[in-house]
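Have a look at model-v8.pdb below; it lists PDB, C-alpha atoms.
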MODEL        1
ATOM      1  CA  LEU N   1      76.268 122.714  58.397
ATOM      2  CA  ILE N   2      76.947 121.743  62.017
ATOM      3  CA  ALA N   3      73.452 120.331  62.497
ATOM      4  CA  ALA N   4      73.535 118.566  59.121
ATOM      5  CA  THR N   5      76.884 116.943  59.930
ATOM      6  CA  LEU N   6      75.591 115.704  63.296
ATOM      7  CA  LEU N   7      72.470 114.241  61.673
ATOM      8  CA  LEU N   8      74.666 112.371  59.203
ATOM      9  CA  THR N   9      76.935 111.166  62.005
ATOM     10  CA  TYR N  10      74.400 109.906  64.540
ATOM     11  CA  ASP N  11      71.841 107.187  63.883
ATOM     12  CA  ASP N  12      69.653 108.642  66.630
ATOM     13  CA  GLU N  13      68.214 112.055  65.740
ATOM     14  CA  GLU N  14      67.604 112.894  69.406
ATOM     15  CA  GLN N  15      71.250 112.271  70.246
ATOM     16  CA  ALA N  16      72.292 114.493  67.328
ATOM     17  CA  TYR N  17      69.928 117.197  68.573
ATOM     18  CA  TRP N  18      71.260 117.195  72.154
ATOM     19  CA  THR N  19      74.848 117.171  70.930
ATOM     20  CA  PHE N  20      74.035 120.216  68.818
ATOM     21  CA  VAL N  21      72.413 121.936  71.808
ATOM     22  CA  SER N  22      75.458 121.178  73.962
ATOM     23  CA  ILE N  23      77.824 122.691  71.392
ATOM     24  CA  ILE N  24      75.764 125.852  71.014
ATOM     25  CA  LYS N  25      74.884 126.340  74.677
ATOM     26  CA  ASN N  26      78.003 125.123  76.477
ATOM     27  CA  MET N  27      80.965 125.367  74.120
ATOM     28  CA  LEU N  28      80.395 128.569  72.180
ATOM     29  CA  PRO N  29      79.840 132.163  73.321
ATOM     30  CA  ASP N  30      76.206 133.236  73.526
ATOM     31  CA  ASP N  31      76.707 135.673  70.653
ATOM     32  CA  TRP N  32      78.381 133.244  68.220
ATOM     33  CA  PHE N  33      75.298 132.823  65.999
ATOM     34  CA  THR N  34      73.384 136.030  66.769
ATOM     35  CA  SER N  35      72.402 138.362  63.940
ATOM     36  CA  SER N  36      75.509 140.481  64.611
ATOM     37  CA  LEU N  37      77.822 137.416  64.706
ATOM     38  CA  GLN N  38      79.674 139.318  67.404
ATOM     39  CA  GLY N  39      81.253 136.278  69.072
ATOM     40  CA  SER N  40      82.554 134.751  65.857
ATOM     41  CA  MET N  41      83.782 138.124  64.570
ATOM     42  CA  ILE N  42      85.753 138.617  67.791
ATOM     43  CA  GLU N  43      87.264 135.169  67.289
ATOM     44  CA  GLN N  44      88.238 136.114  63.735
ATOM     45  CA  ALA N  45      89.966 139.266  64.974
ATOM     46  CA  VAL N  46      91.927 137.287  67.559
ATOM     47  CA  ILE N  47      92.943 134.709  64.932
ATOM     48  CA  GLY N  48      94.189 137.556  62.757
ATOM     49  CA  ASP N  49      96.496 138.697  65.550
ATOM     50  CA  LEU N  50      97.733 135.147  66.147
ATOM     51  CA  VAL N  51      98.487 134.591  62.448
ATOM     52  CA  GLU N  52     100.518 137.803  62.361
ATOM     53  CA  SER N  53     102.439 136.629  65.418
ATOM     54  CA  LEU N  54     102.931 132.930  64.578
ATOM     55  CA  LEU N  55     102.925 132.984  60.762
ATOM     56  CA  PRO N  56     104.210 136.449  59.836
ATOM     57  CA  GLU N  57     105.252 135.443  56.305
ATOM     58  CA  VAL N  58     101.754 134.135  55.550
ATOM     59  CA  ALA N  59     100.176 137.300  56.966
ATOM     60  CA  ALA N  60     102.491 139.494  54.897
ATOM     61  CA  HIS N  61     101.858 137.499  51.705
ATOM     62  CA  LEU N  62      98.089 137.748  52.119
ATOM     63  CA  GLN N  63      98.458 141.488  52.559
ATOM     64  CA  ASP N  64     100.569 141.684  49.404
ATOM     65  CA  LEU N  65      97.848 139.841  47.487
ATOM     66  CA  GLY N  66      95.175 142.130  48.943
ATOM     67  CA  VAL N  67      93.367 139.255  50.664
ATOM     68  CA  GLU N  68      91.745 139.670  54.067
ATOM     69  CA  LEU N  69      92.350 136.674  56.316
ATOM     70  CA  SER N  70      88.641 136.663  57.190
ATOM     71  CA  ALA N  71      87.795 135.915  53.552
ATOM     72  CA  ILE N  72      89.594 132.603  54.052
ATOM     73  CA  THR N  73      88.955 131.648  57.655
ATOM     74  CA  PHE N  74      85.627 133.172  58.744
ATOM     75  CA  GLY N  75      83.622 130.433  57.055
ATOM     76  CA  TRP N  76      85.872 127.845  58.697
ATOM     77  CA  ILE N  77      85.305 129.109  62.211
ATOM     78  CA  LEU N  78      81.604 129.894  61.787
ATOM     79  CA  SER N  79      80.891 126.317  60.693
ATOM     80  CA  LEU N  80      83.477 124.816  63.079
ATOM     81  CA  PHE N  81      85.300 123.602  59.938
ATOM     82  CA  ALA N  82      82.308 121.633  58.618
ATOM     83  CA  ASN N  83      82.534 123.535  55.329
ATOM     84  CA  CYS N  84      86.132 122.644  54.558
ATOM     85  CA  LEU N  85      87.457 119.451  56.210
ATOM     86  CA  PRO N  86      86.742 115.826  55.248
ATOM     87  CA  ILE N  87      84.302 114.203  57.663
ATOM     88  CA  GLU N  88      86.881 111.899  59.292
ATOM     89  CA  THR N  89      89.217 114.801  60.050
ATOM     90  CA  LEU N  90      86.341 117.077  61.060
ATOM     91  CA  LEU N  91      85.092 114.611  63.674
ATOM     92  CA  ARG N  92      88.575 114.341  65.187
ATOM     93  CA  ILE N  93      88.720 118.137  65.546
ATOM     94  CA  TRP N  94      85.234 118.151  67.071
ATOM     95  CA  ASP N  95      86.336 115.447  69.505
ATOM     96  CA  CYS N  96      89.145 117.726  70.668
ATOM     97  CA  PHE N  97      86.719 120.644  70.885
ATOM     98  CA  MET N  98      84.237 118.707  73.016
ATOM     99  CA  VAL N  99      86.880 117.126  75.235
ATOM    100  CA  LYS N 100      88.384 120.533  75.976
ATOM    101  CA  GLY N 101      84.958 121.802  77.012
ATOM    102  CA  ARG N 102      84.272 118.795  79.240
ATOM    103  CA  ASP N 103      87.708 118.943  80.885
ATOM    104  CA  VAL N 104      86.713 122.099  82.737
ATOM    105  CA  SER N 105      85.778 121.286  86.317
ATOM    106  CA  GLY N 106      82.236 121.944  87.478
ATOM    107  CA  SER N 107      83.417 124.585  89.923
ATOM    108  CA  ARG N 108      84.605 126.886  87.152
ATOM    109  CA  ALA N 109      82.402 129.423  85.439
ATOM    110  CA  ARG N 110      80.805 128.648  82.083
ATOM    111  CA  ASN N 111      82.842 131.484  80.575
ATOM    112  CA  ASP N 112      85.986 129.494  81.312
ATOM    113  CA  SER N 113      84.413 126.384  79.807
ATOM    114  CA  TRP N 114      83.697 127.840  76.380
ATOM    115  CA  LEU N 115      86.922 129.848  76.373
ATOM    116  CA  ILE N 116      88.988 126.690  76.902
ATOM    117  CA  ALA N 117      86.984 124.732  74.305
ATOM    118  CA  LEU N 118      87.218 127.654  71.895
ATOM    119  CA  GLN N 119      91.023 127.528  71.901
ATOM    120  CA  VAL N 120      90.746 124.520  69.583
ATOM    121  CA  ILE N 121      89.448 126.816  66.826
ATOM    122  CA  PRO N 122      92.456 129.155  66.465
ATOM    123  CA  CYS N 123      94.802 126.197  66.964
ATOM    124  CA  THR N 124      93.139 124.404  64.050
ATOM    125  CA  VAL N 125      93.235 127.480  61.809
ATOM    126  CA  ILE N 126      96.927 127.980  62.572
ATOM    127  CA  ALA N 127      97.595 124.268  61.934
ATOM    128  CA  ILE N 128      95.904 124.340  58.507
ATOM    129  CA  LEU N 129      97.775 127.475  57.467
ATOM    130  CA  LYS N 130     101.041 126.095  58.824
ATOM    131  CA  LEU N 131     100.667 122.836  56.897
ATOM    132  CA  GLY N 132      99.969 124.815  53.735
ATOM    133  CA  GLU N 133     102.419 127.633  54.399
ATOM    134  CA  GLN N 134     104.845 126.925  51.556
ATOM    135  CA  GLY N 135     102.031 126.480  49.056
ATOM    136  CA  ILE N 136     100.372 129.708  50.204
ATOM    137  CA  LEU N 137     103.626 131.622  49.819
ATOM    138  CA  GLY N 138     103.955 130.185  46.310
ATOM    139  CA  CYS N 139     100.588 131.544  45.134
ATOM    140  CA  ASP N 140     100.955 134.565  42.854
ATOM    141  CA  ASN N 141      97.334 135.707  42.671
ATOM    142  CA  VAL N 142      94.033 135.542  44.532
ATOM    143  CA  GLY N 143      92.476 132.880  42.318
ATOM    144  CA  GLU N 144      95.453 130.593  42.711
ATOM    145  CA  LEU N 145      95.413 131.133  46.483
ATOM    146  CA  PHE N 146      91.781 130.146  46.967
ATOM    147  CA  GLU N 147      92.109 127.170  44.658
ATOM    148  CA  TYR N 148      95.104 125.970  46.662
ATOM    149  CA  LEU N 149      93.365 126.458  50.025
ATOM    150  CA  ASN N 150      90.294 124.543  48.844
ATOM    151  CA  THR N 151      92.535 121.735  47.676
ATOM    152  CA  ILE N 152      94.574 121.351  50.852
ATOM    153  CA  THR N 153      91.548 121.410  53.164
ATOM    154  CA  GLU N 154      89.590 118.945  51.052
ATOM    155  CA  ARG N 155      92.576 116.569  51.022
ATOM    156  CA  LEU N 156      93.330 116.615  54.745
ATOM    157  CA  TRP N 157      92.268 112.991  55.030
ATOM    158  CA  THR N 158      95.004 112.167  57.541
ATOM    159  CA  ALA N 159      93.554 113.582  60.722
ATOM    160  CA  ASP N 160      96.578 112.582  62.812
ATOM    161  CA  LYS N 161      98.844 115.050  61.045
ATOM    162  CA  LEU N 162      96.476 117.981  61.525
ATOM    163  CA  VAL N 163      95.722 117.089  65.146
ATOM    164  CA  LEU N 164      99.440 116.750  65.894
ATOM    165  CA  VAL N 165     100.184 120.223  64.551
ATOM    166  CA  CYS N 166      97.023 121.571  66.176
ATOM    167  CA  HIS N 167      98.104 120.318  69.591
ATOM    168  CA  GLN N 168     101.692 121.504  69.448
ATOM    169  CA  ASP N 169     102.059 123.801  72.436
ATOM    170  CA  PRO N 170     102.238 127.391  71.110
ATOM    171  CA  GLY N 171     103.679 128.484  74.455
ATOM    172  CA  ARG N 172     102.127 129.936  77.554
ATOM    173  CA  SER N 173     102.659 133.489  76.320
ATOM    174  CA  GLU N 174     100.600 132.880  73.171
ATOM    175  CA  LEU N 175      97.838 131.170  75.185
ATOM    176  CA  MET N 176      97.679 134.115  77.589
ATOM    177  CA  LYS N 177      97.720 136.477  74.598
ATOM    178  CA  TYR N 178      94.722 134.636  73.127
ATOM    179  CA  ARG N 179      92.690 134.925  76.330
ATOM    180  CA  SER N 180      93.684 138.543  76.965
ATOM    181  CA  CYS N 181      93.076 139.625  73.375
ATOM    182  CA  ARG N 182      89.690 137.951  73.210
ATOM    183  CA  SER N 183      88.588 139.474  76.523
ATOM    184  CA  SER N 184      89.702 142.953  75.437
ATOM    185  CA  LEU N 185      87.916 142.758  72.093
ATOM    186  CA  ARG N 186      84.778 141.471  73.811
ATOM    187  CA  VAL N 187      84.760 144.450  76.193
ATOM    188  CA  VAL N 188      85.239 146.905  73.317
ATOM    189  CA  SER N 189      82.504 145.209  71.286
ATOM    190  CA  HIS N 190      80.024 145.263  74.180
ATOM    191  CA  ARG N 191      80.854 148.909  74.868
ATOM    192  CA  GLN N 192      80.198 149.811  71.221
ATOM    193  CA  SER N 193      76.893 147.894  71.309
ATOM    194  CA  TRP N 194      75.885 149.885  74.404
ATOM    195  CA  ILE N 195      76.796 153.176  72.704
ATOM    196  CA  ASP N 196      74.907 152.234  69.513
ATOM    197  CA  GLY N 197      71.892 151.224  71.596
ATOM    198  CA  GLY N 198      71.992 154.556  73.422
ATOM    199  CA  LYS N 199      72.120 156.454  70.125
ATOM    200  CA  SER N 200      69.114 154.527  68.792
ATOM    201  CA  THR N 201      67.124 155.236  71.957
ATOM    202  CA  TRP N 202      67.951 158.944  71.768
ATOM    203  CA  LYS N 203      66.927 159.154  68.107
ATOM    204  CA  ARG N 204      63.602 157.452  68.843
ATOM    205  CA  SER N 205      62.980 159.888  71.685
ATOM    206  CA  GLN N 206      63.539 162.806  69.286
ATOM    207  CA  THR N 207      61.117 161.496  66.673
ATOM    208  CA  ASP N 208      57.371 162.193  66.731
ATOM    209  CA  ASP N 209      54.662 159.772  65.656
ATOM    210  CA  ASP N 210      54.914 160.894  62.018
ATOM    211  CA  GLY N 211      58.531 159.862  61.857
ATOM    212  CA  HIS N 212      59.903 163.422  61.904
ATOM    213  CA  PHE N 213      62.334 164.889  64.411
ATOM    214  CA  SER N 214      60.606 167.139  66.889
TER     215      SER N 214
ENDMDL
END

Would you give me this structure, written as structure tokens?
Amino acid sequence: LIAATLLLTYDDEEQAYWTFVSIIKNMLPDDWFTSSLQGSMIEQAVIGDLVESLLPEVAAHLQDLGVELSAITFGWILSLFANCLPIETLLRIWDCFMVKGRDVSGSRARNDSWLIALQVIPCTVIAILKLGEQGILGCDNVGELFEYLNTITERLWTADKLVLVCHQDPGRSELMKYRSCRSSLRVVSHRQSWIDGGKSTWKRSQTDDDGHFS
């Protein structure tokens, strides 16, 4: 969806291609689109914590309905909102995303660059949910909830309103919480990957050529 949107946006295919490369290589974690989706799953976990902190009534209502937040927002973040926002609004959000990434000075590590750019994603998720908070709380069942969410995202034609809410300062404490939480989850995830890799290696070492344990 990201590549398709860029091809529709740019007249020059080469420019669309290099913009796509820049987004993937410079503004997203290396593991965002891997087979494990580790980077995007970490982001989803962090967003879950932020929603519980900043929009506790929404988080509680989703729990009451038996709806995982990831069922709503994972597609949003994986596609950088290309699957839900009107093109005019989407491009404004992408502008913010790219500007945040470019604002990082050349002396700082690439990890800082994508982390700063990536903050646009949870801010946008929170902004969408905040704008639709009353409607979400008014939904009595899962079907009604998803129908409402599809409607509000498809009708976010006024980019200014979303960007304004998106850029409201959540406070230094929440920003530090985002960075700390993401770093902690990344360490845990990498540690688990290392453990799983060690288990696989051990199992292979215990198996003979016929596929049976020795």

Run the PyMOL selection byres ((chain N and resi 156) around 10) on the file and write out the hits as a ChimeraX atom specification.
-> /N:84-90,128,131,151-155,157-162

Run the PyMOL selection byres ((chain N and resi 57) around 12) against the file shown and list the residues it catches, as a PDB file with C-alpha atoms, in the coordinates of the input.
ATOM      1  CA  VAL N  51      98.487 134.591  62.448  1.00  0.00           C
ATOM      2  CA  GLU N  52     100.518 137.803  62.361  1.00  0.00           C
ATOM      3  CA  SER N  53     102.439 136.629  65.418  1.00  0.00           C
ATOM      4  CA  LEU N  54     102.931 132.930  64.578  1.00  0.00           C
ATOM      5  CA  LEU N  55     102.925 132.984  60.762  1.00  0.00           C
ATOM      6  CA  PRO N  56     104.210 136.449  59.836  1.00  0.00           C
ATOM      7  CA  VAL N  58     101.754 134.135  55.550  1.00  0.00           C
ATOM      8  CA  ALA N  59     100.176 137.300  56.966  1.00  0.00           C
ATOM      9  CA  ALA N  60     102.491 139.494  54.897  1.00  0.00           C
ATOM     10  CA  HIS N  61     101.858 137.499  51.705  1.00  0.00           C
ATOM     11  CA  LEU N  62      98.089 137.748  52.119  1.00  0.00           C
ATOM     12  CA  GLN N  63      98.458 141.488  52.559  1.00  0.00           C
ATOM     13  CA  ASP N  64     100.569 141.684  49.404  1.00  0.00           C
ATOM     14  CA  LEU N 129      97.775 127.475  57.467  1.00  0.00           C
ATOM     15  CA  LYS N 130     101.041 126.095  58.824  1.00  0.00           C
ATOM     16  CA  GLU N 133     102.419 127.633  54.399  1.00  0.00           C
ATOM     17  CA  GLN N 134     104.845 126.925  51.556  1.00  0.00           C
ATOM     18  CA  GLY N 135     102.031 126.480  49.056  1.00  0.00           C
ATOM     19  CA  ILE N 136     100.372 129.708  50.204  1.00  0.00           C
ATOM     20  CA  LEU N 137     103.626 131.622  49.819  1.00  0.00           C
ATOM     21  CA  GLY N 138     103.955 130.185  46.310  1.00  0.00           C
TER      22      GLY N 138
END

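Residue nearest Thr5 (chain N) within the list N:Leu145, N:Leu91, N:Val46, N:Val125: N:Leu91 [criterion: smallest interatomic distance, only C-alpha atoms].
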
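Going from CA of Val120 (chain N) over to CA of Thr73 (chain N), you cover 14.0 Å.
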
For each of N:Gly132, N:Gly75, N:Ile121, N:Phe146, take the minimum atom-to-atom distance to Leu37 (chain N), counting all atoms listed in the file, then give the residue where this is smallest.
-> N:Gly75

Where atoms are absent from region 22-45 of chain N, fill them in so it carries N, CA, C and O atoms, then output it as a PDB file, in the coordinates of the input.
ATOM      1  N   SER N  22      74.303 121.075  73.070  1.00  0.00           N
ATOM      2  CA  SER N  22      75.458 121.178  73.962  1.00  0.00           C
ATOM      3  C   SER N  22      76.559 122.051  73.358  1.00  0.00           C
ATOM      4  O   SER N  22      77.168 122.869  74.058  1.00  0.00           O
ATOM      5  N   ILE N  23      76.801 121.880  72.064  1.00  0.00           N
ATOM      6  CA  ILE N  23      77.824 122.691  71.392  1.00  0.00           C
ATOM      7  C   ILE N  23      77.450 124.163  71.441  1.00  0.00           C
ATOM      8  O   ILE N  23      78.262 125.027  71.803  1.00  0.00           O
ATOM      9  N   ILE N  24      76.206 124.462  71.097  1.00  0.00           N
ATOM     10  CA  ILE N  24      75.764 125.852  71.014  1.00  0.00           C
ATOM     11  C   ILE N  24      75.683 126.504  72.395  1.00  0.00           C
ATOM     12  O   ILE N  24      76.116 127.639  72.596  1.00  0.00           O
ATOM     13  N   LYS N  25      75.136 125.767  73.357  1.00  0.00           N
ATOM     14  CA  LYS N  25      74.884 126.340  74.677  1.00  0.00           C
ATOM     15  C   LYS N  25      76.104 126.330  75.591  1.00  0.00           C
ATOM     16  O   LYS N  25      76.286 127.243  76.409  1.00  0.00           O
ATOM     17  N   ASN N  26      76.935 125.309  75.497  1.00  0.00           N
ATOM     18  CA  ASN N  26      78.003 125.123  76.477  1.00  0.00           C
ATOM     19  C   ASN N  26      79.412 125.386  75.958  1.00  0.00           C
ATOM     20  O   ASN N  26      80.318 125.624  76.757  1.00  0.00           O
ATOM     21  N   MET N  27      79.609 125.308  74.642  1.00  0.00           N
ATOM     22  CA  MET N  27      80.965 125.367  74.120  1.00  0.00           C
ATOM     23  C   MET N  27      81.228 126.545  73.199  1.00  0.00           C
ATOM     24  O   MET N  27      82.341 126.694  72.678  1.00  0.00           O
ATOM     25  N   LEU N  28      80.223 127.368  72.988  1.00  0.00           N
ATOM     26  CA  LEU N  28      80.395 128.569  72.180  1.00  0.00           C
ATOM     27  C   LEU N  28      79.854 129.771  72.944  1.00  0.00           C
ATOM     28  O   LEU N  28      78.950 129.630  73.764  1.00  0.00           O
ATOM     29  N   PRO N  29      80.392 130.951  72.691  1.00  0.00           N
ATOM     30  CA  PRO N  29      79.840 132.163  73.321  1.00  0.00           C
ATOM     31  C   PRO N  29      78.373 132.349  72.935  1.00  0.00           C
ATOM     32  O   PRO N  29      77.935 131.901  71.871  1.00  0.00           O
ATOM     33  N   ASP N  30      77.630 133.025  73.785  1.00  0.00           N
ATOM     34  CA  ASP N  30      76.206 133.236  73.526  1.00  0.00           C
ATOM     35  C   ASP N  30      75.947 133.994  72.228  1.00  0.00           C
ATOM     36  O   ASP N  30      74.888 133.852  71.623  1.00  0.00           O
ATOM     37  N   ASP N  31      76.911 134.814  71.822  1.00  0.00           N
ATOM     38  CA  ASP N  31      76.707 135.673  70.653  1.00  0.00           C
ATOM     39  C   ASP N  31      77.388 135.132  69.394  1.00  0.00           C
ATOM     40  O   ASP N  31      77.632 135.874  68.455  1.00  0.00           O
ATOM     41  N   TRP N  32      77.686 133.834  69.376  1.00  0.00           N
ATOM     42  CA  TRP N  32      78.381 133.244  68.220  1.00  0.00           C
ATOM     43  C   TRP N  32      77.507 133.262  66.966  1.00  0.00           C
ATOM     44  O   TRP N  32      77.960 133.564  65.866  1.00  0.00           O
ATOM     45  N   PHE N  33      76.209 132.917  67.136  1.00  0.00           N
ATOM     46  CA  PHE N  33      75.298 132.823  65.999  1.00  0.00           C
ATOM     47  C   PHE N  33      74.189 133.871  66.043  1.00  0.00           C
ATOM     48  O   PHE N  33      73.144 133.683  65.428  1.00  0.00           O
ATOM     49  N   THR N  34      74.379 134.965  66.777  1.00  0.00           N
ATOM     50  CA  THR N  34      73.384 136.030  66.769  1.00  0.00           C
ATOM     51  C   THR N  34      73.427 136.762  65.432  1.00  0.00           C
ATOM     52  O   THR N  34      74.322 136.543  64.615  1.00  0.00           O
ATOM     53  N   SER N  35      72.468 137.654  65.226  1.00  0.00           N
ATOM     54  CA  SER N  35      72.402 138.362  63.940  1.00  0.00           C
ATOM     55  C   SER N  35      73.653 139.206  63.691  1.00  0.00           C
ATOM     56  O   SER N  35      74.050 139.424  62.544  1.00  0.00           O
ATOM     57  N   SER N  36      74.295 139.670  64.765  1.00  0.00           N
ATOM     58  CA  SER N  36      75.509 140.481  64.611  1.00  0.00           C
ATOM     59  C   SER N  36      76.760 139.632  64.435  1.00  0.00           C
ATOM     60  O   SER N  36      77.808 140.151  64.039  1.00  0.00           O
ATOM     61  N   LEU N  37      76.659 138.322  64.750  1.00  0.00           N
ATOM     62  CA  LEU N  37      77.822 137.416  64.706  1.00  0.00           C
ATOM     63  C   LEU N  37      78.982 137.959  65.538  1.00  0.00           C
ATOM     64  O   LEU N  37      80.156 137.738  65.213  1.00  0.00           O
ATOM     65  N   GLN N  38      78.648 138.642  66.612  1.00  0.00           N
ATOM     66  CA  GLN N  38      79.674 139.318  67.404  1.00  0.00           C
ATOM     67  C   GLN N  38      80.736 138.359  67.927  1.00  0.00           C
ATOM     68  O   GLN N  38      81.935 138.621  67.835  1.00  0.00           O
ATOM     69  N   GLY N  39      80.303 137.229  68.493  1.00  0.00           N
ATOM     70  CA  GLY N  39      81.253 136.278  69.072  1.00  0.00           C
ATOM     71  C   GLY N  39      82.215 135.713  68.043  1.00  0.00           C
ATOM     72  O   GLY N  39      83.428 135.627  68.287  1.00  0.00           O
ATOM     73  N   SER N  40      81.696 135.322  66.894  1.00  0.00           N
ATOM     74  CA  SER N  40      82.554 134.751  65.857  1.00  0.00           C
ATOM     75  C   SER N  40      83.440 135.811  65.205  1.00  0.00           C
ATOM     76  O   SER N  40      84.573 135.523  64.797  1.00  0.00           O
ATOM     77  N   MET N  41      82.958 137.052  65.129  1.00  0.00           N
ATOM     78  CA  MET N  41      83.782 138.124  64.570  1.00  0.00           C
ATOM     79  C   MET N  41      84.937 138.476  65.511  1.00  0.00           C
ATOM     80  O   MET N  41      86.047 138.788  65.057  1.00  0.00           O
ATOM     81  N   ILE N  42      84.679 138.406  66.823  1.00  0.00           N
ATOM     82  CA  ILE N  42      85.753 138.617  67.791  1.00  0.00           C
ATOM     83  C   ILE N  42      86.803 137.526  67.633  1.00  0.00           C
ATOM     84  O   ILE N  42      88.011 137.783  67.641  1.00  0.00           O
ATOM     85  N   GLU N  43      86.336 136.289  67.476  1.00  0.00           N
ATOM     86  CA  GLU N  43      87.264 135.169  67.289  1.00  0.00           C
ATOM     87  C   GLU N  43      88.124 135.372  66.051  1.00  0.00           C
ATOM     88  O   GLU N  43      89.323 135.119  66.056  1.00  0.00           O
ATOM     89  N   GLN N  44      87.503 135.864  64.971  1.00  0.00           N
ATOM     90  CA  GLN N  44      88.238 136.114  63.735  1.00  0.00           C
ATOM     91  C   GLN N  44      89.317 137.176  63.952  1.00  0.00           C
ATOM     92  O   GLN N  44      90.442 137.047  63.466  1.00  0.00           O
ATOM     93  N   ALA N  45      88.986 138.212  64.703  1.00  0.00           N
ATOM     94  CA  ALA N  45      89.966 139.266  64.974  1.00  0.00           C
ATOM     95  C   ALA N  45      91.146 138.732  65.774  1.00  0.00           C
ATOM     96  O   ALA N  45      92.301 139.073  65.504  1.00  0.00           O
TER      97      ALA N  45
END
